[in-house]
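Raw contents of coords.txt, compact mmCIF, N, CA and C atoms:
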# COMPACT_ATOMS: atom_id res chain seq x y z
N MET C 286 -28.07 14.32 15.14
CA MET C 286 -28.33 14.52 13.74
C MET C 286 -27.24 13.82 12.93
N LYS C 287 -27.65 13.07 11.95
CA LYS C 287 -26.72 12.34 11.12
C LYS C 287 -26.27 13.22 9.95
N ILE C 288 -24.97 13.25 9.72
CA ILE C 288 -24.42 14.04 8.61
C ILE C 288 -24.11 13.08 7.46
N ILE C 289 -24.58 13.43 6.29
CA ILE C 289 -24.33 12.60 5.11
C ILE C 289 -23.33 13.34 4.22
N ILE C 290 -22.25 12.64 3.89
CA ILE C 290 -21.23 13.19 3.02
C ILE C 290 -21.19 12.35 1.76
N THR C 291 -21.27 12.99 0.62
CA THR C 291 -21.22 12.24 -0.63
C THR C 291 -19.83 11.63 -0.81
N GLU C 292 -19.78 10.60 -1.65
CA GLU C 292 -18.51 9.92 -1.89
C GLU C 292 -17.46 10.87 -2.46
N SER C 293 -17.84 11.73 -3.39
CA SER C 293 -16.87 12.64 -3.99
C SER C 293 -16.35 13.65 -2.96
N LYS C 294 -17.20 14.11 -2.06
CA LYS C 294 -16.74 15.02 -1.01
C LYS C 294 -15.80 14.30 -0.05
N MET C 295 -16.12 13.05 0.25
CA MET C 295 -15.26 12.27 1.14
C MET C 295 -13.89 12.06 0.51
N ILE C 296 -13.86 11.82 -0.79
CA ILE C 296 -12.58 11.68 -1.49
C ILE C 296 -11.78 12.97 -1.36
N ASN C 297 -12.43 14.12 -1.56
CA ASN C 297 -11.74 15.41 -1.42
C ASN C 297 -11.21 15.62 -0.01
N ILE C 298 -11.99 15.24 0.99
CA ILE C 298 -11.56 15.40 2.38
C ILE C 298 -10.36 14.52 2.68
N ILE C 299 -10.41 13.26 2.25
CA ILE C 299 -9.28 12.35 2.48
C ILE C 299 -8.04 12.85 1.75
N GLU C 300 -8.20 13.33 0.52
CA GLU C 300 -7.05 13.87 -0.22
C GLU C 300 -6.43 15.04 0.52
N ARG C 301 -7.24 15.91 1.09
CA ARG C 301 -6.71 17.05 1.86
C ARG C 301 -5.95 16.59 3.09
N VAL C 302 -6.49 15.61 3.78
CA VAL C 302 -5.81 15.08 4.96
C VAL C 302 -4.46 14.49 4.55
N LEU C 303 -4.45 13.68 3.50
CA LEU C 303 -3.19 13.08 3.04
C LEU C 303 -2.19 14.14 2.61
N ASP C 304 -2.66 15.16 1.87
CA ASP C 304 -1.75 16.22 1.41
C ASP C 304 -1.20 17.04 2.57
N MET C 305 -2.01 17.23 3.62
CA MET C 305 -1.51 17.97 4.79
C MET C 305 -0.48 17.15 5.57
N GLU C 306 -0.77 15.88 5.76
CA GLU C 306 0.11 15.03 6.55
C GLU C 306 1.34 14.57 5.77
N TYR C 307 1.18 14.41 4.46
CA TYR C 307 2.28 13.92 3.61
C TYR C 307 2.41 14.84 2.40
N PRO C 308 2.99 16.04 2.58
CA PRO C 308 3.04 17.00 1.48
C PRO C 308 3.86 16.53 0.28
N ASP C 309 4.72 15.56 0.47
CA ASP C 309 5.54 15.06 -0.64
C ASP C 309 5.02 13.73 -1.18
N LEU C 310 3.75 13.44 -0.95
CA LEU C 310 3.15 12.19 -1.39
C LEU C 310 3.27 12.00 -2.90
N SER C 311 3.13 13.05 -3.66
CA SER C 311 3.20 12.93 -5.12
C SER C 311 4.61 12.57 -5.60
N GLU C 312 5.59 12.69 -4.72
CA GLU C 312 6.97 12.37 -5.09
C GLU C 312 7.40 10.98 -4.63
N CYS C 313 6.43 10.17 -4.21
CA CYS C 313 6.73 8.79 -3.81
C CYS C 313 7.47 8.09 -4.94
N TYR C 314 8.42 7.25 -4.59
CA TYR C 314 9.06 6.41 -5.60
C TYR C 314 8.81 4.95 -5.22
N TYR C 315 9.01 4.06 -6.16
CA TYR C 315 8.72 2.66 -5.88
C TYR C 315 9.77 1.76 -6.52
N ASP C 316 9.88 0.58 -5.94
CA ASP C 316 10.74 -0.47 -6.46
C ASP C 316 10.27 -1.77 -5.82
N TRP C 317 10.88 -2.87 -6.22
CA TRP C 317 10.53 -4.13 -5.59
C TRP C 317 10.68 -3.99 -4.09
N ALA C 318 9.75 -4.53 -3.34
CA ALA C 318 9.85 -4.54 -1.89
C ALA C 318 10.90 -5.57 -1.49
N GLU C 319 11.37 -5.44 -0.28
CA GLU C 319 12.34 -6.39 0.24
C GLU C 319 11.75 -7.09 1.46
N TYR C 320 12.31 -8.25 1.79
CA TYR C 320 11.91 -8.96 2.99
C TYR C 320 13.10 -9.75 3.48
N SER C 321 13.06 -10.14 4.73
CA SER C 321 14.14 -10.94 5.30
C SER C 321 13.90 -12.40 4.96
N CYS C 322 14.86 -12.98 4.30
CA CYS C 322 14.78 -14.40 3.97
C CYS C 322 15.97 -15.09 4.63
N GLY C 323 16.09 -16.35 4.45
CA GLY C 323 17.18 -17.11 5.07
C GLY C 323 18.56 -16.70 4.60
N MET C 324 18.63 -15.94 3.51
CA MET C 324 19.93 -15.54 2.97
C MET C 324 20.18 -14.04 3.18
N GLY C 325 19.46 -13.40 4.09
CA GLY C 325 19.61 -11.96 4.31
C GLY C 325 18.39 -11.22 3.79
N VAL C 326 18.62 -10.08 3.17
CA VAL C 326 17.53 -9.30 2.60
C VAL C 326 17.36 -9.70 1.14
N CYS C 327 16.14 -10.05 0.77
CA CYS C 327 15.87 -10.53 -0.59
C CYS C 327 14.83 -9.66 -1.28
N CYS C 328 14.81 -9.73 -2.58
CA CYS C 328 13.81 -9.04 -3.40
C CYS C 328 12.50 -9.81 -3.32
N ASP C 329 11.42 -9.09 -3.19
CA ASP C 329 10.09 -9.70 -3.13
C ASP C 329 9.45 -9.60 -4.52
N PRO C 330 9.37 -10.70 -5.26
CA PRO C 330 8.85 -10.63 -6.63
C PRO C 330 7.33 -10.45 -6.70
N TYR C 331 6.67 -10.41 -5.55
CA TYR C 331 5.22 -10.28 -5.52
C TYR C 331 4.76 -8.99 -4.85
N ALA C 332 5.70 -8.06 -4.61
CA ALA C 332 5.32 -6.83 -3.93
C ALA C 332 6.19 -5.66 -4.38
N VAL C 333 5.55 -4.51 -4.54
CA VAL C 333 6.24 -3.27 -4.87
C VAL C 333 6.07 -2.33 -3.68
N GLY C 334 7.17 -1.77 -3.21
CA GLY C 334 7.11 -0.86 -2.08
C GLY C 334 7.14 0.59 -2.55
N PHE C 335 6.23 1.40 -2.04
CA PHE C 335 6.17 2.83 -2.33
C PHE C 335 6.73 3.57 -1.12
N VAL C 336 7.68 4.47 -1.37
CA VAL C 336 8.41 5.14 -0.30
C VAL C 336 8.33 6.65 -0.49
N LEU C 337 8.10 7.37 0.60
CA LEU C 337 8.13 8.83 0.55
C LEU C 337 9.57 9.29 0.41
N PRO C 338 9.82 10.42 -0.25
CA PRO C 338 11.20 10.83 -0.54
C PRO C 338 12.07 11.07 0.69
N ASP C 339 11.48 11.38 1.84
CA ASP C 339 12.30 11.64 3.02
C ASP C 339 12.52 10.39 3.88
N LYS C 340 12.11 9.23 3.39
CA LYS C 340 12.25 7.97 4.13
C LYS C 340 13.31 7.09 3.48
N GLU C 341 13.75 6.09 4.23
CA GLU C 341 14.69 5.10 3.70
C GLU C 341 13.95 4.14 2.78
N TYR C 342 14.66 3.48 1.88
CA TYR C 342 14.05 2.63 0.86
C TYR C 342 13.22 1.48 1.44
N TYR C 343 13.45 1.09 2.67
CA TYR C 343 12.71 -0.02 3.28
C TYR C 343 11.55 0.47 4.17
N GLN C 344 11.34 1.78 4.28
CA GLN C 344 10.26 2.33 5.09
C GLN C 344 9.07 2.64 4.18
N TYR C 345 8.29 1.61 3.91
CA TYR C 345 7.22 1.71 2.91
C TYR C 345 6.05 2.54 3.41
N PHE C 346 5.57 3.41 2.56
CA PHE C 346 4.35 4.15 2.83
C PHE C 346 3.16 3.22 2.58
N PHE C 347 3.25 2.48 1.49
CA PHE C 347 2.31 1.39 1.23
C PHE C 347 2.97 0.42 0.27
N LYS C 348 2.39 -0.77 0.16
CA LYS C 348 2.86 -1.78 -0.78
C LYS C 348 1.74 -2.12 -1.75
N LEU C 349 2.13 -2.44 -2.95
CA LEU C 349 1.23 -2.97 -3.97
C LEU C 349 1.64 -4.43 -4.14
N VAL C 350 0.70 -5.36 -3.90
CA VAL C 350 1.06 -6.77 -3.87
C VAL C 350 0.12 -7.62 -4.72
N GLU C 351 0.59 -8.83 -5.01
CA GLU C 351 -0.25 -9.87 -5.58
C GLU C 351 -0.88 -10.60 -4.40
N SER C 352 -2.16 -10.42 -4.20
CA SER C 352 -2.81 -10.91 -2.98
C SER C 352 -2.75 -12.43 -2.82
N GLY C 353 -2.63 -13.17 -3.90
CA GLY C 353 -2.57 -14.62 -3.81
C GLY C 353 -1.37 -15.12 -3.03
N TYR C 354 -0.37 -14.27 -2.82
CA TYR C 354 0.84 -14.68 -2.12
C TYR C 354 0.93 -14.13 -0.70
N TYR C 355 -0.12 -13.49 -0.23
CA TYR C 355 -0.08 -12.87 1.09
C TYR C 355 -1.26 -13.29 1.94
N ASP C 356 -1.04 -13.31 3.26
CA ASP C 356 -2.16 -13.53 4.17
C ASP C 356 -2.79 -12.19 4.51
N ASP C 357 -3.75 -12.19 5.42
CA ASP C 357 -4.48 -10.96 5.74
C ASP C 357 -3.62 -9.89 6.42
N MET C 358 -2.47 -10.26 6.96
CA MET C 358 -1.61 -9.29 7.62
C MET C 358 -0.45 -8.85 6.72
N GLY C 359 -0.48 -9.20 5.46
CA GLY C 359 0.56 -8.77 4.54
C GLY C 359 1.83 -9.59 4.62
N ASN C 360 1.74 -10.81 5.12
CA ASN C 360 2.91 -11.70 5.22
C ASN C 360 2.72 -12.90 4.31
N TYR C 361 3.84 -13.53 3.96
CA TYR C 361 3.76 -14.77 3.19
C TYR C 361 3.31 -15.91 4.08
N PRO C 362 2.50 -16.81 3.54
CA PRO C 362 2.24 -18.05 4.28
C PRO C 362 3.56 -18.84 4.38
N LYS C 363 3.72 -19.59 5.44
CA LYS C 363 4.97 -20.30 5.69
C LYS C 363 5.39 -21.18 4.52
N GLU C 364 4.43 -21.90 3.93
CA GLU C 364 4.79 -22.83 2.84
C GLU C 364 5.37 -22.09 1.64
N LEU C 365 4.95 -20.86 1.38
CA LEU C 365 5.50 -20.10 0.27
C LEU C 365 6.84 -19.48 0.61
N SER C 366 7.01 -19.03 1.84
CA SER C 366 8.24 -18.34 2.22
C SER C 366 9.45 -19.26 2.11
N GLU C 367 9.24 -20.56 2.20
CA GLU C 367 10.36 -21.49 2.06
C GLU C 367 10.83 -21.60 0.62
N ASP C 368 10.00 -21.26 -0.36
CA ASP C 368 10.36 -21.34 -1.77
C ASP C 368 11.05 -20.08 -2.28
N LEU C 369 10.97 -18.99 -1.55
CA LEU C 369 11.58 -17.75 -1.99
C LEU C 369 13.05 -17.76 -1.60
N PRO C 370 13.92 -16.99 -2.15
CA PRO C 370 13.64 -15.83 -2.99
C PRO C 370 13.69 -16.14 -4.47
N GLU C 371 13.12 -15.25 -5.23
CA GLU C 371 13.31 -15.22 -6.67
C GLU C 371 14.11 -13.96 -6.97
N VAL C 372 14.77 -13.96 -8.09
CA VAL C 372 15.58 -12.80 -8.46
C VAL C 372 14.70 -11.82 -9.23
N CYS C 373 14.82 -10.55 -8.91
CA CYS C 373 14.07 -9.50 -9.61
C CYS C 373 15.05 -8.75 -10.51
N TYR C 374 15.04 -9.07 -11.78
CA TYR C 374 15.97 -8.43 -12.71
C TYR C 374 15.39 -7.15 -13.30
N GLU C 375 14.15 -7.19 -13.69
CA GLU C 375 13.50 -6.05 -14.34
C GLU C 375 12.85 -5.16 -13.29
N PRO C 376 12.70 -3.88 -13.56
CA PRO C 376 11.95 -3.03 -12.62
C PRO C 376 10.49 -3.46 -12.61
N PRO C 377 9.79 -3.24 -11.51
CA PRO C 377 8.40 -3.69 -11.44
C PRO C 377 7.48 -2.91 -12.38
N ASN C 378 6.51 -3.60 -12.92
CA ASN C 378 5.48 -2.96 -13.74
C ASN C 378 4.23 -2.87 -12.88
N ILE C 379 3.97 -1.71 -12.31
CA ILE C 379 2.86 -1.55 -11.37
C ILE C 379 1.50 -1.62 -12.05
N HIS C 380 1.48 -1.67 -13.37
CA HIS C 380 0.22 -1.72 -14.10
C HIS C 380 -0.23 -3.15 -14.40
N GLU C 381 0.60 -4.13 -14.04
CA GLU C 381 0.21 -5.52 -14.26
C GLU C 381 -0.99 -5.86 -13.39
N ILE C 382 -1.90 -6.58 -13.95
CA ILE C 382 -3.14 -6.92 -13.26
C ILE C 382 -2.89 -7.80 -12.04
N GLU C 383 -1.78 -8.51 -12.00
CA GLU C 383 -1.48 -9.38 -10.86
C GLU C 383 -1.33 -8.58 -9.57
N PHE C 384 -0.87 -7.34 -9.67
CA PHE C 384 -0.75 -6.49 -8.49
C PHE C 384 -2.14 -5.92 -8.19
N ASP C 385 -2.88 -6.63 -7.34
CA ASP C 385 -4.29 -6.31 -7.15
C ASP C 385 -4.65 -5.73 -5.79
N THR C 386 -3.69 -5.64 -4.88
CA THR C 386 -4.00 -5.22 -3.52
C THR C 386 -3.01 -4.17 -3.02
N ILE C 387 -3.54 -3.14 -2.41
CA ILE C 387 -2.72 -2.13 -1.75
C ILE C 387 -2.73 -2.44 -0.26
N LEU C 388 -1.55 -2.58 0.32
CA LEU C 388 -1.42 -2.75 1.76
C LEU C 388 -0.90 -1.44 2.34
N ILE C 389 -1.71 -0.81 3.17
CA ILE C 389 -1.26 0.43 3.81
C ILE C 389 -0.61 0.07 5.14
N GLY C 390 0.30 0.93 5.58
CA GLY C 390 0.97 0.71 6.86
C GLY C 390 0.11 1.16 8.02
N GLU C 391 0.53 0.78 9.21
CA GLU C 391 -0.21 1.14 10.41
C GLU C 391 -0.30 2.65 10.60
N GLU C 392 0.76 3.37 10.22
CA GLU C 392 0.77 4.83 10.39
C GLU C 392 -0.38 5.48 9.60
N MET C 393 -0.53 5.10 8.33
CA MET C 393 -1.60 5.68 7.52
C MET C 393 -2.96 5.23 8.04
N PHE C 394 -3.06 3.97 8.44
CA PHE C 394 -4.33 3.47 8.97
C PHE C 394 -4.75 4.27 10.20
N GLU C 395 -3.82 4.46 11.13
CA GLU C 395 -4.14 5.19 12.36
C GLU C 395 -4.50 6.65 12.07
N LEU C 396 -3.79 7.27 11.16
CA LEU C 396 -4.09 8.65 10.79
C LEU C 396 -5.52 8.78 10.29
N LEU C 397 -5.89 7.96 9.33
CA LEU C 397 -7.23 8.05 8.75
C LEU C 397 -8.30 7.59 9.73
N ASN C 398 -7.98 6.60 10.52
CA ASN C 398 -8.95 6.13 11.50
C ASN C 398 -9.18 7.17 12.60
N ASP C 399 -8.15 7.92 12.96
CA ASP C 399 -8.31 9.00 13.94
C ASP C 399 -9.24 10.09 13.40
N HIS C 400 -9.14 10.34 12.10
CA HIS C 400 -9.97 11.38 11.49
C HIS C 400 -11.40 10.93 11.23
N PHE C 401 -11.56 9.67 10.80
CA PHE C 401 -12.87 9.22 10.32
C PHE C 401 -13.46 8.04 11.10
N ASN C 402 -12.77 7.57 12.11
CA ASN C 402 -13.21 6.50 13.02
C ASN C 402 -13.43 5.14 12.38
N ASP C 403 -14.35 5.00 11.50
CA ASP C 403 -14.74 3.70 10.97
C ASP C 403 -14.12 3.48 9.59
N PRO C 404 -13.28 2.44 9.43
CA PRO C 404 -12.68 2.20 8.11
C PRO C 404 -13.70 2.03 6.99
N LYS C 405 -14.89 1.57 7.30
CA LYS C 405 -15.91 1.42 6.26
C LYS C 405 -16.23 2.76 5.60
N ILE C 406 -15.97 3.85 6.31
CA ILE C 406 -16.25 5.19 5.79
C ILE C 406 -15.22 5.61 4.75
N TRP C 407 -13.95 5.26 4.95
CA TRP C 407 -12.89 5.79 4.10
C TRP C 407 -12.13 4.74 3.29
N TRP C 408 -12.35 3.48 3.54
CA TRP C 408 -11.58 2.40 2.91
C TRP C 408 -11.61 2.46 1.38
N ASN C 409 -12.79 2.45 0.78
CA ASN C 409 -12.91 2.44 -0.69
C ASN C 409 -12.44 3.75 -1.31
N GLN C 410 -12.65 4.86 -0.60
CA GLN C 410 -12.21 6.15 -1.13
C GLN C 410 -10.68 6.23 -1.17
N LEU C 411 -10.02 5.67 -0.16
CA LEU C 411 -8.55 5.65 -0.17
C LEU C 411 -8.05 4.79 -1.32
N LEU C 412 -8.66 3.66 -1.56
CA LEU C 412 -8.29 2.81 -2.70
C LEU C 412 -8.41 3.60 -4.00
N PHE C 413 -9.50 4.31 -4.17
CA PHE C 413 -9.72 5.14 -5.36
C PHE C 413 -8.62 6.20 -5.50
N ILE C 414 -8.29 6.88 -4.41
CA ILE C 414 -7.29 7.95 -4.43
C ILE C 414 -5.92 7.40 -4.83
N LEU C 415 -5.48 6.32 -4.18
CA LEU C 415 -4.16 5.77 -4.47
C LEU C 415 -4.09 5.21 -5.89
N ASN C 416 -5.15 4.56 -6.35
CA ASN C 416 -5.18 4.08 -7.73
C ASN C 416 -5.03 5.25 -8.71
N ASN C 417 -5.75 6.32 -8.47
CA ASN C 417 -5.70 7.48 -9.38
C ASN C 417 -4.36 8.20 -9.32
N ARG C 418 -3.84 8.41 -8.14
CA ARG C 418 -2.59 9.17 -8.00
C ARG C 418 -1.39 8.44 -8.60
N PHE C 419 -1.39 7.12 -8.49
CA PHE C 419 -0.21 6.37 -8.90
C PHE C 419 -0.46 5.49 -10.13
N GLY C 420 -1.64 5.59 -10.73
CA GLY C 420 -1.95 4.82 -11.93
C GLY C 420 -2.02 3.32 -11.69
N LEU C 421 -2.54 2.92 -10.55
CA LEU C 421 -2.61 1.51 -10.18
C LEU C 421 -3.94 0.91 -10.60
N ASN C 422 -4.00 -0.42 -10.56
CA ASN C 422 -5.23 -1.15 -10.90
C ASN C 422 -5.70 -2.00 -9.74
N ALA C 423 -5.38 -1.63 -8.52
CA ALA C 423 -5.72 -2.45 -7.36
C ALA C 423 -7.23 -2.49 -7.16
N THR C 424 -7.70 -3.65 -6.73
CA THR C 424 -9.13 -3.82 -6.47
C THR C 424 -9.43 -4.01 -4.99
N LYS C 425 -8.38 -4.19 -4.19
CA LYS C 425 -8.55 -4.43 -2.76
C LYS C 425 -7.55 -3.58 -1.98
N ILE C 426 -7.88 -3.38 -0.71
CA ILE C 426 -6.98 -2.66 0.18
C ILE C 426 -6.94 -3.41 1.50
N GLY C 427 -5.80 -3.36 2.17
CA GLY C 427 -5.65 -4.04 3.45
C GLY C 427 -4.59 -3.35 4.27
N ILE C 428 -4.34 -3.90 5.44
CA ILE C 428 -3.32 -3.35 6.35
C ILE C 428 -2.15 -4.32 6.36
N GLY C 429 -0.96 -3.78 6.18
CA GLY C 429 0.24 -4.61 6.21
C GLY C 429 1.14 -4.21 7.35
N ILE C 430 1.96 -5.13 7.80
CA ILE C 430 2.95 -4.83 8.84
C ILE C 430 4.30 -4.78 8.14
N PHE C 431 4.86 -3.57 8.06
CA PHE C 431 6.18 -3.42 7.44
C PHE C 431 6.91 -2.24 8.02
Would you mind writing the structure in this file as structure tokens?
Amino acid sequence: MKIIITESKMINIIERVLDMEYPDLSECYYDWAEYSCGMGVCCDPYAVGFVLPDKEYYQYFFKLVESGYYDDMGNYPKELSEDLPEVCYEPPNIHEIEFDTILIGEEMFELLNDHFNDPKIWWNQLLFILNNRFGLNATKIGIGIF
């Protein structure tokens, strides 16, 4: 027998799973993401890292990125990485339209995939939840390695 779950119920279920697994999710903080460049650790002017309060600043729960600067695995293409770094003077504005993609980490992907099996079932609902919780304008979601 096939079970049909409405989109709004699925959003509620995913929110409950996230709240159970990450009770301090609402206390996430964010700043420019960092990456290893030829000069050490550099500021990433095309990515904002969201971190849970009990994690270190480089242990991202998810990233908000400008997708034009990333490949499908959340990395810079080689030709662009040679032009970086740029200096990040101002704090990031997560409401800028350029930040169009949320990259979730493997931990969150595995958690949700264990619960719901097929990403097609929960992918868009997770995008909706993260956009609403953090006031983002992302239109895409992907998996990043960080």
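Note that the spacing between atom CA of Leu415 of chain C and atom C of Ile387 of chain C amounts to 9.3 Å.
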message: As an exercise, work out the distance from atom N of Val333 of chain C to atom N of Asp403 of chain C in Å and give it to one decimal place.
response: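 Rounded to one decimal, the two atoms are 27.3 Å apart.
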- request: Kindly indicate which residue among C:Asn409, C:Phe431, C:Asp316, C:Lys340 lies nearest to Pro376 of chain C, using all atoms listed in the file for the distances.
  value: C:Asp316
Residues flagged strand (DSSP E or B) by DSSP in chain C, as a PyMOL selection string: chain C and resi 314-322+325-336+347-350+386-389+425-428
- request: Fewer than 6 positions away in the same chain doesn't count, so skip those; otherwise give me all residues within 12 Å of His380 of chain C, counting only C-alpha atoms, as JSON, numbers by chain.
  value: {"C": [333, 349, 350, 351, 386, 416, 417, 419, 420, 421, 422, 423]}
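Interatomic distance, atom N of Leu388 of chain C to atom C of Lys294 of chain C: 22.1 Å.
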